[in-house]
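Worksheet: one structure, shown below.
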Amino acid sequence: MLKYFLYAAVPAVLALATFVWLIVALVRQCKSWRIAVGVFGVEILLLAIGYFVYFTPVEYPRTYLDEPAPETGSLAEIAREKSFYIGAAVNMADNPAYRKLVPSEYNSITPENYTKWRQLLANEAIGNYDFSKADAIVDYAVENGVRVRGHTLIWGKFSGRTYPKELDNLIAEAADPPAELRRIMQEHIQTVMTHFKGRITVWDVVNEPLSMDGVYLDENIFLNTLGRSYIAESFRMAREADPSAQLFINEQFGNYAGELVELFFDLLEWLLEENVPIDGVGIQAHNIFKTHNLDEFRQFVQRVADLGLLVEVTEFDARIRLFGEEPDPYQAQGDYMAEYARICIENPACIGFTVWGLSDASTWFDWVTPVNRMLPNDPLLFNVNLRPKPAYTKIRESLRNRP
């Protein structure tokens with residue numbers, strides 16, 4: 001996402017530099033002030049156009065509301081009959097949509113944030129766990145026969161967000177950093193998986209091991225301290241903690257072909273050669289600034305299946321503004337979502353499709369910069385009033401046709 005921040009920051013910095021040039025030219029009474037005025041005017045005009053195009057809320061016609069509401073309450077039932085999981089991320093146990101849509105529409109849930117390392121800690125202190133918020137989400141699901149995916153045990157992308165900031169200091173000050181990091185990882189994985197054993201049956205053991213900036217593994221505290229073996233060690237620790245759980249590696253891809261994808265498959269092949277206890281690949285599918293090539297996605301899923309691994313789409317959403325040029329944006333969004341899901345549903349190795357939020361009323365896009373200012377987002381299966389959107393009926397039909 002860094003490059004999209006740069007798209008916004010670079011023009012603003014250039015405009016600021018031109019403004020400084022103008023002020024200096026005026027103070028020094030240089031003739032170049034006229035040129036500076038012209039350049040500055042053009043930059044401000046372009047920024048204004050950009051703001052109007054991207055940051056002004058847009059209203060798209062909701063033609064699907066003119067049609068009879070589809071029969072609801074059957075997605076989860078059909079999914080269960082087909083040994084498939086239709087899931088949603090849940091951000092809090094007292095969200096009214098949780099009880100409205102689960103278990104009737106979703107037979108799987110993922111605690112959106114509350115099984116992540118930092119959020120499991122009281123006062124963000126390593127070893128001081130508070131499971132209350134996670135337990136509230138998980139217990140409701142288990143009581144209603146709904147599968148729970150644990151997300152996530154080891155994630156090194158953002159210090160102080162995906163793992164506790166305290167970890168950086170402990171490893172920096174340790175006499176033997178690798179041994180200390182292994183000890184802390186082992187304790188964390190053992191504690192969390194033991195606490196949820198029998199309730200959380202699938203875990204994203206390692207999340208986003210690839211870099212966002214180049215064709216290499218993310219250079220986080222785990223990689224820098226232990227090398228890529230941190231990935232293998234995490235899976236072995238997880239298998240020891242709960243031998244019955246399915247263990248996944250979870251990753252977001254901008255494209256499903258190219259050098260970064262080949263690096264990922266090299267990683268998978270290495271893990272299998274080393275007899276690492278990995279069961280499957282979780283595919284994050286956040287369609288934020290573009291949609292994905294579905295033919296490449298189909299080939300990607302089959303490549304994972306050919307390795308003998310399970311596949312799940314673990315985090316799906318697609319912003320409505322990506323379809324704003326279509327005659328009927330909500331229908332176009334539904335067609336795309338349904339085809340993406342169908343590719344997964346039709347492949348026997350793909351066992352689940354999870355949308356990242358219960359409804360458009362609870363999407364992370366509405367609070368993360370910059371898309372929180374590029375409204376509407378509306379990226380999910382149900383609208384803010386929990387009315388099914390166009391993808392719903394097509395996904396249900398794909399489930400009925402699943403082998």
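All residue names refer to the structure tokens as shown: chains lettered A, B, ... in order, residues numbered from 1 in each chain, ligands numbered from 1 in order.
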Counting only C-alpha atoms, which residues of stretch 200-292 of chain A sit at most 12 Å from some atom of stretch 157-181 of chain A, and what is each one's closest atom pair with its distance in Å to one decimal, listed by chain and rising residue number, as a tab-separated table?
```
residue	atom	partner	partner_atom	distance
A:Val206	CA	A:Lys157	CA	10.9
A:Asn207	CA	A:Lys157	CA	8.6
A:Glu208	CA	A:Lys157	CA	7.4
A:Pro209	CA	A:Lys157	CA	8.0
A:Leu210	CA	A:Lys157	CA	9.2
A:Ser211	CA	A:Lys157	CA	8.4
A:Met212	CA	A:Lys157	CA	9.1
A:Asp213	CA	A:Lys157	CA	11.6
A:Leu217	CA	A:Lys157	CA	10.6
A:Asp218	CA	A:Lys157	CA	7.1
A:Glu219	CA	A:Lys157	CA	8.2
A:Asn220	CA	A:Lys157	CA	6.2
A:Ile221	CA	A:Asp168	CA	7.3
A:Phe222	CA	A:Leu181	CA	7.8
A:Leu223	CA	A:Pro178	CA	10.3
A:Asn224	CA	A:Pro178	CA	9.5
A:Thr225	CA	A:Pro178	CA	5.7
A:Leu226	CA	A:Pro178	CA	6.0
A:Gly227	CA	A:Pro178	CA	9.6
A:Ser229	CA	A:Pro178	CA	11.1
A:Tyr230	CA	A:Leu181	CA	9.6
A:Glu233	CA	A:Leu181	CA	11.2
A:Ser234	CA	A:Leu181	CA	11.2
A:Glu251	CA	A:Lys157	CA	11.6
```
Residue contacts of stretch 71-82 of chain A (6 Å, only C-alpha atoms) excluding same-chain residues fewer than 2 positions away, as a PyMOL selection string:
chain A and resi 84-85+104-107+396
Just want the 6 Å neighbourhood of A:Val90, counted on only C-alpha atoms, with same-chain residues fewer than 2 positions away dropped. Output as a PyMOL selection string.
chain A and resi 92+111-112
Can you tell me which residues surround A:Met185 at a distance of at most 9 Å, considering only C-alpha atoms, apart from same-chain residues fewer than 3 positions away, and format the answer as a ChimeraX atom specification?
/A:153-154,180-182,188-190,234,237
Residues near A:Trp21, anyone? I mean within 10 Å using only C-alpha atoms, not counting same-chain ones fewer than 3 positions away, as a PyMOL selection string.
chain A and resi 15-18+24-27+32-33+35-37+40
Tell me, counting only C-alpha atoms, for each residue of stretch 201-260 of chain A within 9 Å of stretch 285-289 of chain A, which pair of atoms is nearest and how far apart they are in Å to one decimal, in rows ordered by chain and increasing number, as JSON lines.
```
{"residue": "A:Glu251", "atom": "CA", "partner": "A:Ala285", "partner_atom": "CA", "distance": 8.8}
{"residue": "A:Gln252", "atom": "CA", "partner": "A:Ala285", "partner_atom": "CA", "distance": 6.3}
{"residue": "A:Phe253", "atom": "CA", "partner": "A:Ala285", "partner_atom": "CA", "distance": 7.3}
{"residue": "A:Gly254", "atom": "CA", "partner": "A:Ala285", "partner_atom": "CA", "distance": 8.6}
```
Fewer than 6 positions away in the same chain doesn't count, so skip those; otherwise give me all residues within 9 Å of stretch 142-149 of chain A, counting only C-alpha atoms, as a VMD selection string.
chain A and resid 85 87 102 to 103 106 to 111 199 to 204 314
Those selected residues, please, written with C-alpha atoms and delivered as an mmCIF file, in the first residue's frame.
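This went into result17.cif:
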```
data_model
loop_
_atom_site.group_PDB
_atom_site.id
_atom_site.type_symbol
_atom_site.label_atom_id
_atom_site.label_comp_id
_atom_site.auth_asym_id
_atom_site.auth_seq_id
_atom_site.Cartn_x
_atom_site.Cartn_y
_atom_site.Cartn_z
ATOM 1 C CA TYR A 85 -16.924 -23.081 4.697
ATOM 2 C CA GLY A 87 -16.955 -17.391 6.530
ATOM 3 C CA VAL A 102 -24.202 -16.477 12.122
ATOM 4 C CA PRO A 103 -24.938 -19.369 11.906
ATOM 5 C CA TYR A 106 -21.855 -18.160 7.698
ATOM 6 C CA ASN A 107 -20.652 -21.513 9.001
ATOM 7 C CA SER A 108 -17.154 -20.195 9.727
ATOM 8 C CA ILE A 109 -15.840 -17.054 11.406
ATOM 9 C CA THR A 110 -12.471 -15.430 11.985
ATOM 10 C CA PRO A 111 -11.949 -13.128 14.973
ATOM 11 C CA ARG A 199 -12.512 -24.460 19.841
ATOM 12 C CA ILE A 200 -10.226 -23.020 17.162
ATOM 13 C CA THR A 201 -9.517 -25.800 14.685
ATOM 14 C CA VAL A 202 -7.588 -23.871 11.992
ATOM 15 C CA TRP A 203 -4.737 -21.402 12.458
ATOM 16 C CA ASP A 204 -2.920 -18.930 10.229
ATOM 17 C CA THR A 314 -9.242 -16.206 3.983
#
```
If we count only C-alpha atoms, what is near stretch 318-332 of chain A at a cut-off of 12 Å, once residues fewer than 6 positions away on the same chain are taken out, given as a ChimeraX atom specification?
/A:53-65,284-292,338-340,355-357,360,363-366,371-383,388-394
Return as a PyMOL selection string the full set of residues in stretch 157-316 of chain A whose backbone-based DSSP assignment is helix (DSSP H, G or I).
chain A and resi 166-173+177-196+221-226+229-241+259-273+294-306
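Note that atom CA of A:Pro277 and atom CA of A:Trp155 are 18.1 Å apart.
Using only C-alpha atoms, the shortest contact distance between A:Asp130 and any of A:Arg402, A:His151, A:Arg99, A:His195 is found at A:His195.
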If you measure from atom CA of A:Phe300 to atom CA of A:Ile249, what distance in Å do you get, rounded to one decimal?
14.8 Å
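Going from atom CA of A:Tyr140 over to atom CA of A:Gly352, you cover 20.0 Å.
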A:Arg400, A:Tyr114, A:Ile231, A:Pro11: which is nearest A:Leu46, counting only C-alpha atoms?
A:Pro11
